[in-house]
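The next block holds one structure in the form of structure tokens; read it before the comments.
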Amino acid sequence: MTPANENALRAACRRCTEEIQLAMRKKPKPNWNETVPPIINKHHKKIEALGVSLLEFRRQNWPP
């Protein structure tokens with residue numbers, strides 16, 4: 001993977017993590033299984049063209 005692609009992946013992970021943290025701060029605290037997977041899938045679609053699998057993206061993005 002080129003450095004530009006790695007930077008794009010890291011940036012997408014940062015944006016995803018920020019969105020997850022904002023979503024989980026709501027009161028009452030939402031269910032993780034209902035809240036987080038759709039956010040991860042949304043951000044993965046943006047970088048899917050770089051050849052990053054969903055599993056790789058989740059691994060890179062963990063822990064939020």
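Ordered as shown in the structure tokens, chains take letters A, B, and onward, while each chain numbers its residues from 1 and ligands are numbered from 1 in the order shown.
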Practice task
Would you kindly return, as an MDAnalysis selection string, each protein, DNA or RNA residue with an atom no farther than 10 Å from any atom of A:Phe57, considering only C-alpha atoms and excluding same-chain residues fewer than 4 positions away?
Solution key: chainID A and resid 9:10 12:13 40:41 43:44 47:48 52:53 61:62
Practice task
Using backbone DSSP assignments, extract all alpha helix (DSSP H) residues from chain A; output them as a ChimeraX atom specification.
Solution key: /A:3-24,32-47,54-61
Practice task
Would you mind reading off the distance between atom CA of A:Trp32 and atom CA of A:Ala8, one decimal, in Å?
Solution key: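 Interatomic distance here is 25.7 Å.
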Handout entry: Close residues, A:Ile39 itself excluded, 10 Å, only C-alpha atoms, min 6 positions apart in chain, as JSON, numbers by chain
Key = {"A": [16, 17, 19, 20, 23]}
Practice task
Would you work out the distance separating atom CA of A:Asn7 from atom CA of A:Glu34, expressed in Å to one decimal?
Solution key: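 For atom CA of A:Asn7 relative to atom CA of A:Glu34, the distance reads 28.6 Å.
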Fill in the blank from the handout: For A:Arg58, the closest of A:Pro30, A:Ala4, A:Met24, A:Pro38 counting only C-alpha atoms is A:Pro38
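Remark: for A:Glu6, the closest of the candidate residues A:Val36, A:Leu50, A:Leu55, A:Leu22 is A:Leu50 (distances computed over only C-alpha atoms).
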Practice task
Find the residue from A:Leu54, A:Pro3, A:Gln60, A:Ala11 that sits nearest to A:Pro37; use only C-alpha atoms when measuring.
Solution key: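 Of A:Leu54, A:Pro3, A:Gln60, A:Ala11, the one nearest A:Pro37, counting only C-alpha atoms, is A:Leu54.
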